[in-house]
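S.K.: Dumping the structure here so I can ask a few things about it.
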Amino acid sequence: MTPPTQPTQPTRPTQPPPNHDRGLEYDLATLHRRRFLCLFTAAGLAAVAGCSADQATTTGTPSTTSTSATPSATSSTTSSAATDVDEIPQETGGPYPGDGSNGPNVLTESGIVRSDITKSFGSASGVATGVPLAVELTIIDADQDKALEGAAVYLWHCDAQGRYSLYSDGVTNENYLRGVQAADGSGKVTFTTIFPAAYMGRWPHIHFEVYASVDEATKAGRITRTSQLALPKDVCSTVYATDGYDGSAQNLSQTSLENDNVFGDDDGVHQLATVTGDVSGGYVAALTVGV
């Protein structure tokens with residue numbers, strides 16, 4: 001797969017050497033932070049933000065025959081209230097957030113508020129292809145165990161080739177697989193997207209930031225929570241056997257939830273999505289997010 005690039009300047013990243021690994025500093029910080037959380041949760045101390053995950057390369061040349069579509073699979077209905085919802089762990093946004101904290105800022109661009117994130121918007125015209133995936137996040141106030149209607153989620157992830165729009169070689173002028181949605185009365189947001197690749201050094205995942213409102217999100221304002229969604233191994237294995245995900249199966253086989261530098265401390269217990277559906281009809285990944 002075409003390797004993603006590593007930003008070196010605040011305005012526009014440049015391409016790093018092959019298999020460039022930013023992970024050491026970030027990994028050490030993640031491990032220290034997550035151990036700190038484990039030791040002091042009972043005392044009521046809050047967790048601090050973790051380190052950045054590795055962003056490396058996949059191998060192989062992807063097929064361009066896959067198409068994106070709205071998944072026909074359906075997931076179970078989530079109630080407007082929840083019982084004993086834990087806060088989702090605070091995680092890194094990684095080196096490719098597109099929120100202005102590391103170069104490009106897509107949040108302030110007209111068109112970012114959308115549910116279908118498979119296409120670029122504005123002056124860009126690229127389309128991300130792959131196995132269809134709907135991502136359903138239910139945003140819950142963990143203290144009061146109630147849905148946060150009106151909260152906003154900014155969600156982003158890599159494409160089937162392991163590339164991040166705005167940053168990676170070949171897609172620096174694209175902004176697909178990024179979007180903002182407001183939570184409905186049940187606290188739910190839904191994004192139509194594609195299944196992300198597995199790139200070297202990381203478990204397959206999706207990034208997201210929670211904001212108090214769409215207005216706060218679209219001015220790149222205060223972030224309520226930054227975290228990541230993990231995808232189940234069996235579904236990943238099935239998807240990565242299809243055209244367009246060359247290299248992902250091999251990368252998946254070389255990592256695990258237990259060893260991942262983001263999900264590894266608890267095997268992603270609060271971040272592992274429930275996934276239903278199939279390759280032909282598409283998948284739905286659902287996760288309750290306590291903030």
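How things are named: the first chain in the structure tokens is A, the next is B, and so on; residues count from 1 in each chain; ligands count from 1 in the order shown.
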Within 12 Å of Gln254 (chain A), counting only C-alpha atoms, which residues qualify if same-chain residues fewer than 6 places away don't, as a list in words?
M.R.: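 My list of contacting residues is Thr58, Ala198, Tyr199, Met200, Gly201, Arg202, Trp203, Pro204, Gly247, Ser248 and Asp260 of chain A.
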S.K.: For N, CA, C and O atoms, I'd like the residues from the last selection saved as a tab-separated table (two decimals), in the first residue's frame.
M.R.:
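What ended up in again15.tsv:
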chain	number	residue	atom	x	y	z
A	58	THR	N	1.44	0.42	4.87
A	58	THR	CA	0.99	-0.88	4.42
A	58	THR	C	1.73	-1.15	3.14
A	58	THR	O	2.39	-0.30	2.57
A	198	ALA	N	-5.46	-1.71	7.81
A	198	ALA	CA	-4.54	-1.95	8.94
A	198	ALA	C	-3.16	-1.56	8.44
A	198	ALA	O	-2.67	-2.12	7.47
A	199	TYR	N	-2.55	-0.57	9.09
A	199	TYR	CA	-1.19	-0.22	8.70
A	199	TYR	C	-0.22	-0.68	9.77
A	199	TYR	O	-0.60	-1.02	10.90
A	200	MET	N	1.04	-0.73	9.41
A	200	MET	CA	2.07	-1.33	10.26
A	200	MET	C	2.15	-0.64	11.63
A	200	MET	O	2.23	0.57	11.74
A	201	GLY	N	2.11	-1.46	12.68
A	201	GLY	CA	2.33	-0.97	14.03
A	201	GLY	C	1.09	-0.58	14.81
A	201	GLY	O	1.18	-0.27	15.99
A	202	ARG	N	-0.10	-0.58	14.17
A	202	ARG	CA	-1.32	-0.20	14.85
A	202	ARG	C	-2.44	-1.18	14.58
A	202	ARG	O	-2.57	-1.73	13.50
A	203	TRP	N	-3.28	-1.38	15.60
A	203	TRP	CA	-4.51	-2.14	15.43
A	203	TRP	C	-5.49	-1.29	14.62
A	203	TRP	O	-5.51	-0.06	14.76
A	204	PRO	N	-6.33	-1.90	13.75
A	204	PRO	CA	-7.30	-1.12	12.97
A	204	PRO	C	-8.19	-0.26	13.87
A	204	PRO	O	-8.78	-0.76	14.83
A	247	GLY	N	-1.99	-5.87	1.82
A	247	GLY	CA	-1.06	-5.58	2.90
A	247	GLY	C	-1.70	-5.50	4.26
A	247	GLY	O	-1.03	-5.68	5.28
A	248	SER	N	-3.01	-5.26	4.32
A	248	SER	CA	-3.68	-5.12	5.61
A	248	SER	C	-3.71	-6.43	6.39
A	248	SER	O	-3.55	-6.44	7.62
A	260	ASP	N	-1.14	-3.38	21.23
A	260	ASP	CA	-1.29	-2.07	20.63
A	260	ASP	C	-0.97	-0.99	21.65
A	260	ASP	O	-1.34	-1.09	22.83
S.K.: Name the residues of region 155-289 of chain A that come out as alpha helix (DSSP H) in a backbone DSSP run; write them as a compact mmCIF listing (two decimals) with C-alpha atoms, in the first residue's frame.
M.R.:
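The result, written out as selection15.txt:
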# COMPACT_ATOMS: atom_id res chain seq x y z
CA VAL A 214 -21.38 21.78 16.25
CA ASP A 215 -20.52 25.45 16.69
CA GLU A 216 -17.67 24.51 19.01
CA ALA A 217 -16.43 21.85 16.61
CA THR A 218 -16.54 24.00 13.48
CA LYS A 233 -10.33 -9.05 14.61
CA ASP A 234 -12.74 -11.47 12.92
CA VAL A 235 -14.40 -8.71 10.90
CA CYS A 236 -11.04 -7.18 10.00
CA SER A 237 -9.79 -10.54 8.74
CA THR A 238 -12.84 -10.94 6.51
CA VAL A 239 -12.59 -7.43 5.08
CA SER A 248 -3.68 -5.12 5.61
CA ALA A 249 -3.99 -8.84 6.40
CA GLN A 250 -0.23 -9.10 6.89
CA ASN A 251 -0.14 -5.99 9.06
CA LEU A 252 -3.06 -7.28 11.14
CA SER A 253 -1.22 -10.55 11.76
S.K.: I'd like the contact shell of Gly221 (chain A) - 12 Å cut-off, only C-alpha atoms, skipping same-chain residues fewer than 4 positions apart - returned as JSON, numbers by chain.
M.R.: {"A": [99, 100, 101, 105, 107, 108, 152, 154, 209, 210, 211, 212, 213, 214, 215, 216, 217, 225]}
S.K.: Need the shell around His157 (chain A): protein/DNA/RNA residues with any atom at most 9 Å away, counting only C-alpha atoms. Skip same-chain ones fewer than 2 positions apart. Format as a ChimeraX atom specification?
M.R.: /A:96-97,155,159,162-165,177-178,196,205-208
S.K.: I'd like to know which of A:Ile223, A:Leu229, A:Ala197, A:Val180 is closest to Val262 (chain A), using only C-alpha atoms.
M.R.: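 The answer is A:Leu229, which sits nearest to Val262 (chain A).
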S.K.: Write out as number ranges by chain the residues lying within 6 Å of Ser120 (chain A), counting only C-alpha atoms and excluding same-chain residues fewer than 4 positions away.
M.R.: A: 124-126, 174-176
S.K.: Store the residues picked out above, limited to N, CA, C and O atoms, as a CSV table (one decimal), in the first residue's frame.
M.R.:
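Output saved as again-v4.csv:
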chain,number,residue,atom,x,y,z
A,124,ALA,N,-12.0,19.8,-3.6
A,124,ALA,CA,-11.4,18.5,-3.8
A,124,ALA,C,-12.5,17.6,-4.3
A,124,ALA,O,-13.7,17.8,-4.1
A,125,SER,N,-12.1,16.5,-5.0
A,125,SER,CA,-13.1,15.7,-5.7
A,125,SER,C,-12.9,14.2,-5.5
A,125,SER,O,-13.5,13.3,-6.1
A,126,GLY,N,-11.9,13.8,-4.7
A,126,GLY,CA,-11.6,12.4,-4.5
A,126,GLY,C,-12.6,11.6,-3.8
A,126,GLY,O,-13.4,12.2,-3.0
A,174,GLU,N,-6.8,16.1,-0.8
A,174,GLU,CA,-8.2,15.5,-0.5
A,174,GLU,C,-8.5,15.7,1.0
A,174,GLU,O,-7.7,15.9,1.8
A,175,ASN,N,-9.8,15.7,1.3
A,175,ASN,CA,-10.3,15.8,2.7
A,175,ASN,C,-11.3,14.7,3.0
A,175,ASN,O,-12.2,14.9,3.9
A,176,TYR,N,-11.3,13.6,2.2
A,176,TYR,CA,-12.3,12.6,2.5
A,176,TYR,C,-12.0,11.8,3.8
A,176,TYR,O,-10.9,12.0,4.4
